[in-house]
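As provided, query.cif (mmCIF, C-alpha atoms (C1' of nucleotides)) reads as follows.
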```
data_upload
loop_
_atom_site.group_PDB
_atom_site.id
_atom_site.type_symbol
_atom_site.label_atom_id
_atom_site.label_comp_id
_atom_site.auth_asym_id
_atom_site.auth_seq_id
_atom_site.Cartn_x
_atom_site.Cartn_y
_atom_site.Cartn_z
ATOM 1 C CA MET A 160 102.471 143.706 53.972
ATOM 2 C CA ASN A 161 102.499 140.128 55.245
ATOM 3 C CA ILE A 162 99.864 137.600 54.339
ATOM 4 C CA GLY A 163 98.077 138.116 57.636
ATOM 5 C CA GLU A 164 97.585 141.765 56.964
ATOM 6 C CA ALA A 165 96.595 141.098 53.363
ATOM 7 C CA SER A 166 94.075 138.677 54.739
ATOM 8 C CA ARG A 167 92.598 141.277 57.061
ATOM 9 C CA ALA A 168 92.643 143.875 54.299
ATOM 10 C CA SER A 169 90.928 141.681 51.732
ATOM 11 C CA GLY A 170 88.708 139.603 53.949
ATOM 12 C CA LEU A 171 90.094 136.384 52.486
ATOM 13 C CA PRO A 172 91.632 133.624 54.623
ATOM 14 C CA ALA A 173 95.405 133.331 54.343
ATOM 15 C CA LYS A 174 94.972 129.796 53.055
ATOM 16 C CA THR A 175 92.820 131.050 50.237
ATOM 17 C CA ILE A 176 95.323 133.725 49.333
ATOM 18 C CA ARG A 177 98.097 131.133 49.091
ATOM 19 C CA TYR A 178 95.833 129.054 46.947
ATOM 20 C CA TYR A 179 95.168 132.020 44.675
ATOM 21 C CA GLU A 180 98.889 132.480 44.286
ATOM 22 C CA ASP A 181 99.252 128.782 43.461
ATOM 23 C CA ILE A 182 96.802 129.058 40.625
ATOM 24 C CA GLY A 183 98.288 132.296 39.405
ATOM 25 C CA LEU A 184 95.651 134.825 40.371
ATOM 26 C CA VAL A 185 98.088 136.935 42.365
ATOM 27 C CA SER A 186 101.873 137.150 42.410
ATOM 28 C CA PRO A 187 103.041 138.910 45.534
ATOM 29 C CA ALA A 188 106.713 139.794 45.952
ATOM 30 C CA ARG A 189 108.873 137.923 48.430
ATOM 31 C CA GLY A 190 110.958 139.358 51.252
ATOM 32 C CA ALA A 191 114.472 138.211 52.120
ATOM 33 C CA ASN A 192 112.997 135.879 54.740
ATOM 34 C CA GLY A 193 110.795 134.177 52.174
ATOM 35 C CA TYR A 194 107.640 135.821 53.443
ATOM 36 C CA ARG A 195 105.166 137.039 50.887
ATOM 37 C CA ASP A 196 105.104 140.792 50.578
ATOM 38 C CA PHE A 197 101.810 142.159 49.287
ATOM 39 C CA SER A 198 101.545 145.593 47.724
ATOM 40 C CA GLU A 199 98.453 147.744 48.007
ATOM 41 C CA GLN A 200 97.617 146.698 44.489
ATOM 42 C CA ASP A 201 97.861 143.042 45.445
ATOM 43 C CA ALA A 202 95.499 143.623 48.337
ATOM 44 C CA HIS A 203 93.166 145.403 45.989
ATOM 45 C CA LYS A 204 93.269 142.487 43.582
ATOM 46 C CA LEU A 205 92.453 140.117 46.418
ATOM 47 C CA ALA A 206 89.476 142.195 47.425
ATOM 48 C CA PHE A 207 88.356 142.215 43.808
ATOM 49 C CA LEU A 208 88.606 138.441 43.749
ATOM 50 C CA GLY A 209 86.728 138.103 46.998
ATOM 51 C CA ARG A 210 83.905 140.259 45.776
ATOM 52 C CA SER A 211 83.721 138.436 42.454
ATOM 53 C CA ARG A 212 83.659 135.074 44.195
ATOM 54 C CA SER A 213 80.992 136.246 46.601
ATOM 55 C CA LEU A 214 78.883 137.116 43.573
ATOM 56 C CA GLY A 215 79.239 133.521 42.533
ATOM 57 C CA PHE A 216 81.656 133.873 39.655
ATOM 58 C CA THR A 217 83.866 130.844 39.119
ATOM 59 C CA ILE A 218 87.614 131.117 39.460
ATOM 60 C CA GLU A 219 87.914 131.086 35.692
ATOM 61 C CA ASP A 220 85.365 133.883 35.444
ATOM 62 C CA CYS A 221 87.436 135.788 37.973
ATOM 63 C CA ARG A 222 90.528 135.312 35.896
ATOM 64 C CA THR A 223 88.749 136.785 32.916
ATOM 65 C CA LEU A 224 87.249 139.626 34.931
ATOM 66 C CA MET A 225 90.653 140.469 36.350
ATOM 67 C CA SER A 226 92.234 140.629 32.952
ATOM 68 C CA LEU A 227 89.384 142.761 31.660
ATOM 69 C CA TYR A 228 89.789 144.962 34.668
ATOM 70 C CA GLU A 229 93.484 145.328 34.103
ATOM 71 C CA ASP A 230 93.034 146.025 30.448
ATOM 72 C CA ARG A 231 92.595 149.763 30.323
ATOM 73 C CA ASP A 232 91.109 149.562 26.848
ATOM 74 C CA ARG A 233 88.720 146.862 27.789
ATOM 75 C CA ALA A 234 85.345 146.710 26.152
ATOM 76 C CA SER A 235 82.642 146.661 28.753
ATOM 77 C CA ALA A 236 80.606 144.526 26.379
ATOM 78 C CA ASP A 237 82.762 141.554 27.339
ATOM 79 C CA VAL A 238 82.144 142.124 30.994
ATOM 80 C CA LYS A 239 78.456 142.546 30.447
ATOM 81 C CA ALA A 240 78.300 139.324 28.454
ATOM 82 C CA LEU A 241 80.083 137.403 31.170
ATOM 83 C CA ALA A 242 77.855 138.825 33.863
ATOM 84 C CA SER A 243 74.732 138.148 31.826
ATOM 85 C CA GLU A 244 75.642 134.545 31.295
ATOM 86 C CA HIS A 245 76.293 134.245 34.961
ATOM 87 C CA LEU A 246 72.945 135.823 35.666
ATOM 88 C CA ASP A 247 71.253 133.295 33.426
ATOM 89 C CA ARG A 248 72.891 130.437 35.240
ATOM 90 C CA ILE A 249 71.743 131.846 38.548
ATOM 91 C CA ALA A 250 68.207 132.345 37.326
ATOM 92 C CA GLN A 251 68.131 128.774 36.075
ATOM 93 C CA LYS A 252 69.475 127.480 39.352
ATOM 94 C CA ILE A 253 66.770 129.390 41.199
ATOM 95 C CA ASP A 254 64.114 127.852 38.982
ATOM 96 C CA GLU A 255 65.446 124.382 39.628
ATOM 97 C CA LEU A 256 65.578 124.935 43.337
ATOM 98 C CA GLN A 257 62.073 126.299 43.376
ATOM 99 C CA ALA A 258 60.737 123.268 41.561
ATOM 100 C CA LEU A 259 62.565 121.130 44.078
ATOM 101 C CA LYS A 260 61.177 123.152 46.902
ATOM 102 C CA SER A 261 57.575 122.789 45.846
ATOM 103 C CA THR A 262 57.967 119.057 45.332
ATOM 104 C CA LEU A 263 59.452 118.681 48.768
ATOM 105 C CA GLU A 264 56.843 120.925 50.303
ATOM 106 C CA THR A 265 54.112 118.752 48.929
ATOM 107 C CA LEU A 266 55.812 115.653 50.219
ATOM 108 C CA VAL A 267 56.473 117.069 53.645
ATOM 109 C CA THR A 268 52.916 118.285 53.932
ATOM 110 C CA ARG A 269 51.515 114.909 53.052
ATOM 111 C CA CYS A 270 53.698 113.060 55.488
ATOM 112 C CA HIS A 271 51.850 112.706 58.750
ATOM 113 C CA GLY A 272 55.170 112.550 60.588
ATOM 114 C CA ASP A 273 54.242 110.311 63.462
ATOM 115 C CA ASP A 274 55.048 106.764 64.464
ATOM 116 C CA ARG A 275 52.733 105.061 62.039
ATOM 117 C CA PRO A 276 54.550 103.288 59.237
ATOM 118 C CA GLY A 277 53.913 104.287 55.653
ATOM 119 C CA CYS A 278 55.452 107.525 54.528
ATOM 120 C CA PRO A 279 54.539 109.395 51.362
ATOM 121 C CA ILE A 280 58.037 110.778 51.081
ATOM 122 C CA LEU A 281 59.621 107.363 50.962
ATOM 123 C CA ASP A 282 56.898 106.142 48.675
ATOM 124 C CA ASP A 283 57.679 108.915 46.280
ATOM 125 C CA LEU A 284 61.390 108.272 46.408
ATOM 126 C CA ALA A 285 60.688 104.637 45.706
ATOM 127 C CA GLY A 286 59.040 105.683 42.488
ATOM 128 C CA ARG A 287 55.407 105.357 43.368
ATOM 129 C CA LYS A 288 55.046 108.804 41.866
ATOM 130 C CA ALA A 289 52.152 109.934 44.013
ATOM 131 C CA VAL A 290 53.698 113.351 43.550
ATOM 132 C CA THR A 291 55.492 114.739 40.571
ATOM 133 C CA ALA A 292 57.628 117.820 40.451
ATOM 134 C CA MET B 23 71.194 91.900 35.157
ATOM 135 C CA ASN B 24 74.497 93.453 34.130
ATOM 136 C CA ILE B 25 75.531 96.919 35.080
ATOM 137 C CA GLY B 26 74.541 98.278 31.683
ATOM 138 C CA GLU B 27 71.012 97.096 32.087
ATOM 139 C CA ALA B 28 70.884 98.317 35.670
ATOM 140 C CA SER B 29 72.051 101.638 34.355
ATOM 141 C CA ARG B 30 69.264 101.779 31.810
ATOM 142 C CA ALA B 31 66.721 100.626 34.379
ATOM 143 C CA SER B 32 67.729 103.155 37.015
ATOM 144 C CA GLY B 33 68.771 106.040 34.849
ATOM 145 C CA LEU B 34 72.145 106.240 36.578
ATOM 146 C CA PRO B 35 75.470 106.070 34.704
ATOM 147 C CA ALA B 36 77.365 102.806 35.178
ATOM 148 C CA LYS B 37 80.243 104.772 36.680
ATOM 149 C CA THR B 38 77.954 106.181 39.300
ATOM 150 C CA ILE B 39 76.592 102.761 40.136
ATOM 151 C CA ARG B 40 80.109 101.413 40.658
ATOM 152 C CA TYR B 41 80.804 104.382 42.853
ATOM 153 C CA TYR B 42 77.675 103.696 44.882
ATOM 154 C CA GLU B 43 78.865 100.173 45.402
ATOM 155 C CA ASP B 44 82.270 101.476 46.489
ATOM 156 C CA ILE B 45 80.714 103.585 49.194
ATOM 157 C CA GLY B 46 78.384 100.826 50.259
ATOM 158 C CA LEU B 47 75.037 102.066 49.004
ATOM 159 C CA VAL B 48 74.383 98.919 46.979
ATOM 160 C CA SER B 49 75.853 95.450 47.091
ATOM 161 C CA PRO B 50 75.048 93.579 43.911
ATOM 162 C CA ALA B 51 75.908 89.891 43.599
ATOM 163 C CA ARG B 52 78.703 88.748 41.347
ATOM 164 C CA GLY B 53 78.554 86.234 38.552
ATOM 165 C CA ALA B 54 81.206 83.563 37.889
ATOM 166 C CA ASN B 55 82.853 85.896 35.383
ATOM 167 C CA GLY B 56 83.220 88.644 37.965
ATOM 168 C CA TYR B 57 80.474 90.743 36.440
ATOM 169 C CA ARG B 58 78.080 92.455 38.792
ATOM 170 C CA ASP B 59 74.674 90.853 38.846
ATOM 171 C CA PHE B 60 71.901 93.218 39.890
ATOM 172 C CA SER B 61 68.604 91.939 41.215
ATOM 173 C CA GLU B 62 65.332 93.754 40.671
ATOM 174 C CA GLN B 63 65.630 94.999 44.199
ATOM 175 C CA ASP B 64 69.074 96.393 43.490
ATOM 176 C CA ALA B 65 67.735 98.218 40.478
ATOM 177 C CA HIS B 66 64.939 99.551 42.608
ATOM 178 C CA LYS B 67 67.393 100.768 45.196
ATOM 179 C CA LEU B 68 69.361 102.514 42.496
ATOM 180 C CA ALA B 69 66.269 104.255 41.226
ATOM 181 C CA PHE B 70 65.467 105.280 44.784
ATOM 182 C CA LEU B 71 68.947 106.732 45.091
ATOM 183 C CA GLY B 72 68.678 108.525 41.799
ATOM 184 C CA ARG B 73 65.406 110.094 42.755
ATOM 185 C CA SER B 74 66.702 111.113 46.182
ATOM 186 C CA ARG B 75 69.803 112.642 44.660
ATOM 187 C CA SER B 76 67.763 114.478 42.078
ATOM 188 C CA LEU B 77 65.821 116.005 44.927
ATOM 189 C CA GLY B 78 69.108 117.295 46.208
ATOM 190 C CA PHE B 79 69.642 115.019 49.161
ATOM 191 C CA THR B 80 73.275 114.385 50.002
ATOM 192 C CA ILE B 81 74.723 110.907 49.809
ATOM 193 C CA GLU B 82 74.586 110.687 53.588
ATOM 194 C CA ASP B 83 70.946 111.737 53.536
ATOM 195 C CA CYS B 84 70.352 109.009 50.990
ATOM 196 C CA ARG B 85 71.996 106.468 53.219
ATOM 197 C CA THR B 86 69.644 107.452 56.011
ATOM 198 C CA LEU B 87 66.604 107.506 53.759
ATOM 199 C CA MET B 88 67.468 104.065 52.444
ATOM 200 C CA SER B 89 67.761 102.609 55.897
ATOM 201 C CA LEU B 90 64.487 104.244 56.912
ATOM 202 C CA TYR B 91 62.956 102.866 53.793
ATOM 203 C CA GLU B 92 64.207 99.389 54.494
ATOM 204 C CA ASP B 93 63.106 99.541 58.072
ATOM 205 C CA ARG B 94 59.556 98.301 57.952
ATOM 206 C CA ASP B 95 58.836 99.759 61.375
ATOM 207 C CA ARG B 96 60.275 103.102 60.503
ATOM 208 C CA ALA B 97 58.815 106.191 62.013
ATOM 209 C CA SER B 98 57.834 108.599 59.310
ATOM 210 C CA ALA B 99 58.669 111.421 61.716
ATOM 211 C CA ASP B 100 62.350 110.802 61.019
ATOM 212 C CA VAL B 101 61.826 111.042 57.311
ATOM 213 C CA LYS B 102 59.759 114.159 57.678
ATOM 214 C CA ALA B 103 62.425 115.780 59.835
ATOM 215 C CA LEU B 104 65.121 114.997 57.308
ATOM 216 C CA ALA B 105 63.061 116.320 54.445
ATOM 217 C CA SER B 106 62.114 119.444 56.362
ATOM 218 C CA GLU B 107 65.709 120.262 57.139
ATOM 219 C CA HIS B 108 66.541 119.765 53.545
ATOM 220 C CA LEU B 109 63.683 122.030 52.584
ATOM 221 C CA ASP B 110 65.031 124.742 54.858
ATOM 222 C CA ARG B 111 68.447 124.517 53.268
ATOM 223 C CA ILE B 112 66.902 124.814 49.842
ATOM 224 C CA ALA B 113 64.804 127.797 50.832
ATOM 225 C CA GLN B 114 67.871 129.497 52.215
ATOM 226 C CA LYS B 115 69.853 128.783 49.088
ATOM 227 C CA ILE B 116 67.075 130.275 47.002
ATOM 228 C CA ASP B 117 67.133 133.428 49.092
ATOM 229 C CA GLU B 118 70.858 133.755 48.661
ATOM 230 C CA LEU B 119 70.666 133.248 44.952
ATOM 231 C CA GLN B 120 67.881 135.768 44.631
ATOM 232 C CA ALA B 121 69.907 138.402 46.451
ATOM 233 C CA LEU B 122 72.772 137.626 44.124
ATOM 234 C CA LYS B 123 70.510 137.827 41.153
ATOM 235 C CA SER B 124 69.170 141.244 41.958
ATOM 236 C CA THR B 125 72.652 142.613 42.579
ATOM 237 C CA LEU B 126 73.828 141.266 39.265
ATOM 238 C CA GLU B 127 70.749 142.505 37.494
ATOM 239 C CA THR B 128 71.393 146.006 38.711
ATOM 240 C CA LEU B 129 74.990 145.795 37.606
ATOM 241 C CA VAL B 130 74.193 144.377 34.209
ATOM 242 C CA THR B 131 71.523 146.991 33.638
ATOM 243 C CA ARG B 132 73.874 149.808 34.470
ATOM 244 C CA CYS B 133 76.611 148.546 32.223
ATOM 245 C CA HIS B 134 76.253 150.180 28.831
ATOM 246 C CA GLY B 135 77.964 147.197 27.244
ATOM 247 C CA ASP B 136 79.652 148.863 24.335
ATOM 248 C CA ASP B 137 83.235 149.666 23.427
ATOM 249 C CA ARG B 138 83.614 152.614 25.710
ATOM 250 C CA PRO B 139 85.894 151.932 28.642
ATOM 251 C CA GLY B 140 84.570 152.290 32.153
ATOM 252 C CA CYS B 141 82.310 149.549 33.362
ATOM 253 C CA PRO B 142 80.075 149.711 36.422
ATOM 254 C CA ILE B 143 80.396 145.986 36.951
ATOM 255 C CA LEU B 144 84.152 146.098 37.211
ATOM 256 C CA ASP B 145 83.931 149.219 39.303
ATOM 257 C CA ASP B 146 81.697 147.433 41.717
ATOM 258 C CA LEU B 147 83.916 144.406 41.870
ATOM 259 C CA ALA B 148 86.840 146.688 42.545
ATOM 260 C CA GLY B 149 85.041 147.892 45.626
ATOM 261 C CA ARG B 150 83.731 151.224 44.478
ATOM 262 C CA LYS B 151 80.431 150.083 45.897
ATOM 263 C CA ALA B 152 78.223 152.018 43.554
ATOM 264 C CA VAL B 153 75.858 149.117 44.072
ATOM 265 C CA THR B 154 75.302 147.069 47.156
ATOM 266 C CA ALA B 155 73.528 143.764 47.398
ATOM 267 C "C1'" DT C 43 120.595 135.354 76.179
ATOM 268 C "C1'" DA C 44 117.029 131.985 76.210
ATOM 269 C "C1'" DT C 45 112.524 131.271 75.577
ATOM 270 C "C1'" DT C 46 108.033 131.947 74.498
ATOM 271 C "C1'" DG C 47 104.288 132.625 71.189
ATOM 272 C "C1'" DA C 48 102.548 134.470 67.097
ATOM 273 C "C1'" DC C 49 103.411 134.419 62.594
ATOM 274 C "C1'" DC C 50 105.227 132.634 58.391
ATOM 275 C "C1'" DT C 51 106.780 128.745 55.048
ATOM 276 C "C1'" DT C 52 105.933 124.249 52.225
ATOM 277 C "C1'" DC C 53 103.730 120.043 51.323
ATOM 278 C "C1'" DC C 54 100.278 116.517 51.629
ATOM 279 C "C1'" DA C 55 95.606 114.970 52.273
ATOM 280 C "C1'" DG C 56 90.751 115.396 52.127
ATOM 281 C "C1'" DC C 57 85.917 117.287 51.476
ATOM 282 C "C1'" DA C 58 81.393 115.875 47.629
ATOM 283 C "C1'" DG C 59 80.119 113.252 44.099
ATOM 284 C "C1'" DC C 60 81.257 111.846 40.644
ATOM 285 C "C1'" DT C 61 83.821 111.397 35.774
ATOM 286 C "C1'" DG C 62 87.426 110.166 32.484
ATOM 287 C "C1'" DG C 63 90.867 107.152 30.938
ATOM 288 C "C1'" DA C 64 94.118 103.231 30.766
ATOM 289 C "C1'" DA C 65 94.882 98.381 30.663
ATOM 290 C "C1'" DG C 66 92.989 94.254 30.422
ATOM 291 C "C1'" DC C 67 89.179 90.528 30.671
ATOM 292 C "C1'" DT C 68 84.593 88.354 28.649
ATOM 293 C "C1'" DG C 69 80.851 87.330 25.528
ATOM 294 C "C1'" DC C 70 78.793 87.119 21.274
ATOM 295 C "C1'" DA C 71 78.448 87.513 16.281
ATOM 296 C "C1'" DT C 72 80.600 86.813 12.052
ATOM 297 C "C1'" DA D 245 89.793 83.570 14.382
ATOM 298 C "C1'" DT D 246 88.548 88.159 14.698
ATOM 299 C "C1'" DG D 247 86.333 92.162 16.058
ATOM 300 C "C1'" DC D 248 83.767 94.865 18.968
ATOM 301 C "C1'" DA D 249 80.846 95.917 22.737
ATOM 302 C "C1'" DG D 250 80.676 95.504 27.431
ATOM 303 C "C1'" DC D 251 82.655 94.328 31.671
ATOM 304 C "C1'" DT D 252 86.563 94.635 35.331
ATOM 305 C "C1'" DT D 253 89.942 97.397 38.427
ATOM 306 C "C1'" DC D 254 92.627 101.266 39.541
ATOM 307 C "C1'" DC D 255 94.302 105.866 39.373
ATOM 308 C "C1'" DA D 256 93.731 110.686 38.496
ATOM 309 C "C1'" DG D 257 91.198 114.861 38.209
ATOM 310 C "C1'" DC D 258 87.380 118.145 38.565
ATOM 311 C "C1'" DT D 259 85.979 122.931 42.025
ATOM 312 C "C1'" DG D 260 87.586 125.753 45.590
ATOM 313 C "C1'" DC D 261 89.215 125.541 49.106
ATOM 314 C "C1'" DT D 262 90.513 123.771 54.175
ATOM 315 C "C1'" DG D 263 93.037 121.320 57.789
ATOM 316 C "C1'" DG D 264 97.162 119.717 59.652
ATOM 317 C "C1'" DA D 265 102.089 118.503 60.138
ATOM 318 C "C1'" DA D 266 106.792 119.969 60.362
ATOM 319 C "C1'" DG D 267 109.589 123.526 60.521
ATOM 320 C "C1'" DG D 268 111.697 128.569 59.923
ATOM 321 C "C1'" DT D 269 111.272 133.696 61.678
ATOM 322 C "C1'" DC D 270 110.426 137.691 64.427
ATOM 323 C "C1'" DA D 271 109.572 140.554 68.378
ATOM 324 C "C1'" DA D 272 109.028 140.808 73.142
ATOM 325 C "C1'" DT D 273 109.867 139.414 77.595
ATOM 326 C "C1'" DA D 274 112.314 137.216 81.768
#
```
Structure rendered as structure tokens:
Amino acid sequence: MNIGEASRASGLPAKTIRYYEDIGLVSPARGANGYRDFSEQDAHKLAFLGRSRSLGFTIEDCRTLMSLYEDRDRASADVKALASEHLDRIAQKIDELQALKSTLETLVTRCHGDDRPGCPILDDLAGRKAVTA
Amino acid sequence: MNIGEASRASGLPAKTIRYYEDIGLVSPARGANGYRDFSEQDAHKLAFLGRSRSLGFTIEDCRTLMSLYEDRDRASADVKALASEHLDRIAQKIDELQALKSTLETLVTRCHGDDRPGCPILDDLAGRKAVTA
DNA sequence: TATTGACCTTCCAGCAGCTGGAAGCTGCAT
DNA sequence: ATGCAGCTTCCAGCTGCTGGAAGGTCAATA
């Protein structure tokens, strides 16, 4: 199938698919006209990549996951480890964002938000530390 | 003060400070030797930037915040609006990450993580949709 | 058969926000 | 005089695409 169809099948933009070929994540065949010719397996790989990316795995993670997936004797422990690390990173990111959120909430609440000068948000940014995260 | 001192004072890497000058966020004076010469106010600006960035504001947001900060007649409503939008983005990001987290948690829990082949995580990534976010 | 229009190709540039490194000055202590 | 830290500029690269230009191809239609 052509790249357009592979795109529809996998849900990835054609541009992204070309990029994935560039960096060696897929290697579709080529027709006599130079067009890429994707097999069902290629399309499947692309969908796999799309799903992995949508779960927030990095491209390098995806590379590893793909090779684990293609290794029939793979140890699921490796996959679990990778996913767990990823989970930890996500949990940490959530924590950070939540701290950020509460700081900002405090600031926004304290800011009267009218035309009077003097703004607690700016004061905080300027280091007056009326509020701390 | 030299860039090194400004770096220590503001907590920003020297490289970052040079970059901020490049994009017009600060404009330190220059000594006869070509070295940057930061005033107290410059250092203060840098700290302001650092704090804004650490709260997740984009560079463009920072530019706006700086100009609002420097505008003595600023309306705090503008600042509040900017911060509120930012807050919304953060809240949304948290929601996304939490959805991701629970999907991954389910997957990781189901994966036995030993040497046996067959891994629910990979199966999910491959589209077998045993688990849905 | 000529022409349209959708599709495909490659290559180059740019997004954010830095960060690293090379090559070369300056300033200060020894 | 020498050495080393610190400063300068400039160029390249990171992640993961995305947009656009310039051009080849294919199928259908007039």
Self-check item: Interface, chain D side, toward chain A (12 Å; all atoms listed in the file) as a list in words
Solution: DT259, DG260, DC261, DT262, DG263, DG268, DT269 and DC270 of chain D
Quiz item: atom CA of Lys115 of chain B and atom CA of Glu244 of chain A, how far apart in Å?
Solution: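 Going from atom CA of Glu244 of chain A over to atom CA of Lys115 of chain B covers 19.6 Å.
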Practice problem: Go ahead and compute the interatomic distance for atom C1' of DA71 of chain C and atom C1' of DA249 of chain D, in Å to one decimal. | Solution: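 According to the coordinates, atom C1' of DA71 of chain C and atom C1' of DA249 of chain D are separated by 10.9 Å.
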Quiz item: Which residues match the PyMOL selection byres ((chain A) within 8 of (chain B)) in the file above, as a PyMOL selection string?
Solution: chain A and resi 203-204+206-208+210-211+214-215+224+228+231-240+242-243+246+249-250+253+256-257+259-260+263-264+267+270-278+280-281+284-286
Limited to C-alpha atoms, could you put the picked residues into a file as a PDB file, keeping the file's coordinate frame?
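So result24.pdb came out as:
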```
ATOM      1  CA  HIS A 203      93.166 145.403  45.989  1.00  0.00           C
ATOM      2  CA  LYS A 204      93.269 142.487  43.582  1.00  0.00           C
ATOM      3  CA  ALA A 206      89.476 142.195  47.425  1.00  0.00           C
ATOM      4  CA  PHE A 207      88.356 142.215  43.808  1.00  0.00           C
ATOM      5  CA  LEU A 208      88.606 138.441  43.749  1.00  0.00           C
ATOM      6  CA  ARG A 210      83.905 140.259  45.776  1.00  0.00           C
ATOM      7  CA  SER A 211      83.721 138.436  42.454  1.00  0.00           C
ATOM      8  CA  LEU A 214      78.883 137.116  43.573  1.00  0.00           C
ATOM      9  CA  GLY A 215      79.239 133.521  42.533  1.00  0.00           C
ATOM     10  CA  LEU A 224      87.249 139.626  34.931  1.00  0.00           C
ATOM     11  CA  TYR A 228      89.789 144.962  34.668  1.00  0.00           C
ATOM     12  CA  ARG A 231      92.595 149.763  30.323  1.00  0.00           C
ATOM     13  CA  ASP A 232      91.109 149.562  26.848  1.00  0.00           C
ATOM     14  CA  ARG A 233      88.720 146.862  27.789  1.00  0.00           C
ATOM     15  CA  ALA A 234      85.345 146.710  26.152  1.00  0.00           C
ATOM     16  CA  SER A 235      82.642 146.661  28.753  1.00  0.00           C
ATOM     17  CA  ALA A 236      80.606 144.526  26.379  1.00  0.00           C
ATOM     18  CA  ASP A 237      82.762 141.554  27.339  1.00  0.00           C
ATOM     19  CA  VAL A 238      82.144 142.124  30.994  1.00  0.00           C
ATOM     20  CA  LYS A 239      78.456 142.546  30.447  1.00  0.00           C
ATOM     21  CA  ALA A 240      78.300 139.324  28.454  1.00  0.00           C
ATOM     22  CA  ALA A 242      77.855 138.825  33.863  1.00  0.00           C
ATOM     23  CA  SER A 243      74.732 138.148  31.826  1.00  0.00           C
ATOM     24  CA  LEU A 246      72.945 135.823  35.666  1.00  0.00           C
ATOM     25  CA  ILE A 249      71.743 131.846  38.548  1.00  0.00           C
ATOM     26  CA  ALA A 250      68.207 132.345  37.326  1.00  0.00           C
ATOM     27  CA  ILE A 253      66.770 129.390  41.199  1.00  0.00           C
ATOM     28  CA  LEU A 256      65.578 124.935  43.337  1.00  0.00           C
ATOM     29  CA  GLN A 257      62.073 126.299  43.376  1.00  0.00           C
ATOM     30  CA  LEU A 259      62.565 121.130  44.078  1.00  0.00           C
ATOM     31  CA  LYS A 260      61.177 123.152  46.902  1.00  0.00           C
ATOM     32  CA  LEU A 263      59.452 118.681  48.768  1.00  0.00           C
ATOM     33  CA  GLU A 264      56.843 120.925  50.303  1.00  0.00           C
ATOM     34  CA  VAL A 267      56.473 117.069  53.645  1.00  0.00           C
ATOM     35  CA  CYS A 270      53.698 113.060  55.488  1.00  0.00           C
ATOM     36  CA  HIS A 271      51.850 112.706  58.750  1.00  0.00           C
ATOM     37  CA  GLY A 272      55.170 112.550  60.588  1.00  0.00           C
ATOM     38  CA  ASP A 273      54.242 110.311  63.462  1.00  0.00           C
ATOM     39  CA  ASP A 274      55.048 106.764  64.464  1.00  0.00           C
ATOM     40  CA  ARG A 275      52.733 105.061  62.039  1.00  0.00           C
ATOM     41  CA  PRO A 276      54.550 103.288  59.237  1.00  0.00           C
ATOM     42  CA  GLY A 277      53.913 104.287  55.653  1.00  0.00           C
ATOM     43  CA  CYS A 278      55.452 107.525  54.528  1.00  0.00           C
ATOM     44  CA  ILE A 280      58.037 110.778  51.081  1.00  0.00           C
ATOM     45  CA  LEU A 281      59.621 107.363  50.962  1.00  0.00           C
ATOM     46  CA  LEU A 284      61.390 108.272  46.408  1.00  0.00           C
ATOM     47  CA  ALA A 285      60.688 104.637  45.706  1.00  0.00           C
ATOM     48  CA  GLY A 286      59.040 105.683  42.488  1.00  0.00           C
TER      49      GLY A 286
END
```
Quiz item: If you measure from atom CA of Glu27 of chain B to atom C1' of DT253 of chain D, what distance in Å do you get, rounded to one decimal?
Solution: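 Those two atoms sit 20.0 Å apart.
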Quiz prompt | chain C contacts to chain A at 12 Å (all atoms listed in the file) as a PyMOL selection string | solution = chain C and resi 48-52
Exercise. Kindly resolve the PyMOL selection byres ((chain D and resi 264) around 12) on the present coordinates and return the residues as a PyMOL selection string.
Key: (chain C and resi 53-56) or (chain D and resi 262-263+265-266)
Please give the centre and size of the box around segment 48-55 of chain C (axis-aligned, containing every atom listed in the file, 8 Å added per side), with values in Å to one decimal and written as lines of an AutoDock Vina configuration file.
```
center_x = 101.2
center_y = 124.7
center_z = 59.2
size_x = 27.2
size_y = 35.5
size_z = 31.8
```
What would the selection look like, as a CSV table (one decimal) with C-alpha atoms, in the frame of the given file, if the PyMOL selection byres ((chain B and resi 28) around 9) were run on the coordinates I just shared?
```csv
chain,number,residue,atom,x,y,z
B,23,MET,CA,71.2,91.9,35.2
B,24,ASN,CA,74.5,93.5,34.1
B,25,ILE,CA,75.5,96.9,35.1
B,26,GLY,CA,74.5,98.3,31.7
B,27,GLU,CA,71.0,97.1,32.1
B,29,SER,CA,72.1,101.6,34.4
B,30,ARG,CA,69.3,101.8,31.8
B,31,ALA,CA,66.7,100.6,34.4
B,32,SER,CA,67.7,103.2,37.0
B,33,GLY,CA,68.8,106.0,34.8
B,34,LEU,CA,72.1,106.2,36.6
B,36,ALA,CA,77.4,102.8,35.2
B,39,ILE,CA,76.6,102.8,40.1
B,59,ASP,CA,74.7,90.9,38.8
B,60,PHE,CA,71.9,93.2,39.9
B,61,SER,CA,68.6,91.9,41.2
B,62,GLU,CA,65.3,93.8,40.7
B,64,ASP,CA,69.1,96.4,43.5
B,65,ALA,CA,67.7,98.2,40.5
B,68,LEU,CA,69.4,102.5,42.5
```
Self-check item: Neighbour list for DG247 of chain D as a PyMOL selection string, cut-off 12 Å, all atoms listed in the file, skip fewer than 3 positions in-chain
Solution: chain C and resi 69-72
Selection above as a file: C-alpha atoms (C1' of nucleotides), as an mmCIF file, keeping the file's coordinate frame:
```cif
data_model
loop_
_atom_site.group_PDB
_atom_site.id
_atom_site.type_symbol
_atom_site.label_atom_id
_atom_site.label_comp_id
_atom_site.auth_asym_id
_atom_site.auth_seq_id
_atom_site.Cartn_x
_atom_site.Cartn_y
_atom_site.Cartn_z
ATOM 1 C "C1'" DG C 69 80.851 87.330 25.528
ATOM 2 C "C1'" DC C 70 78.793 87.119 21.274
ATOM 3 C "C1'" DA C 71 78.448 87.513 16.281
ATOM 4 C "C1'" DT C 72 80.600 86.813 12.052
#
```
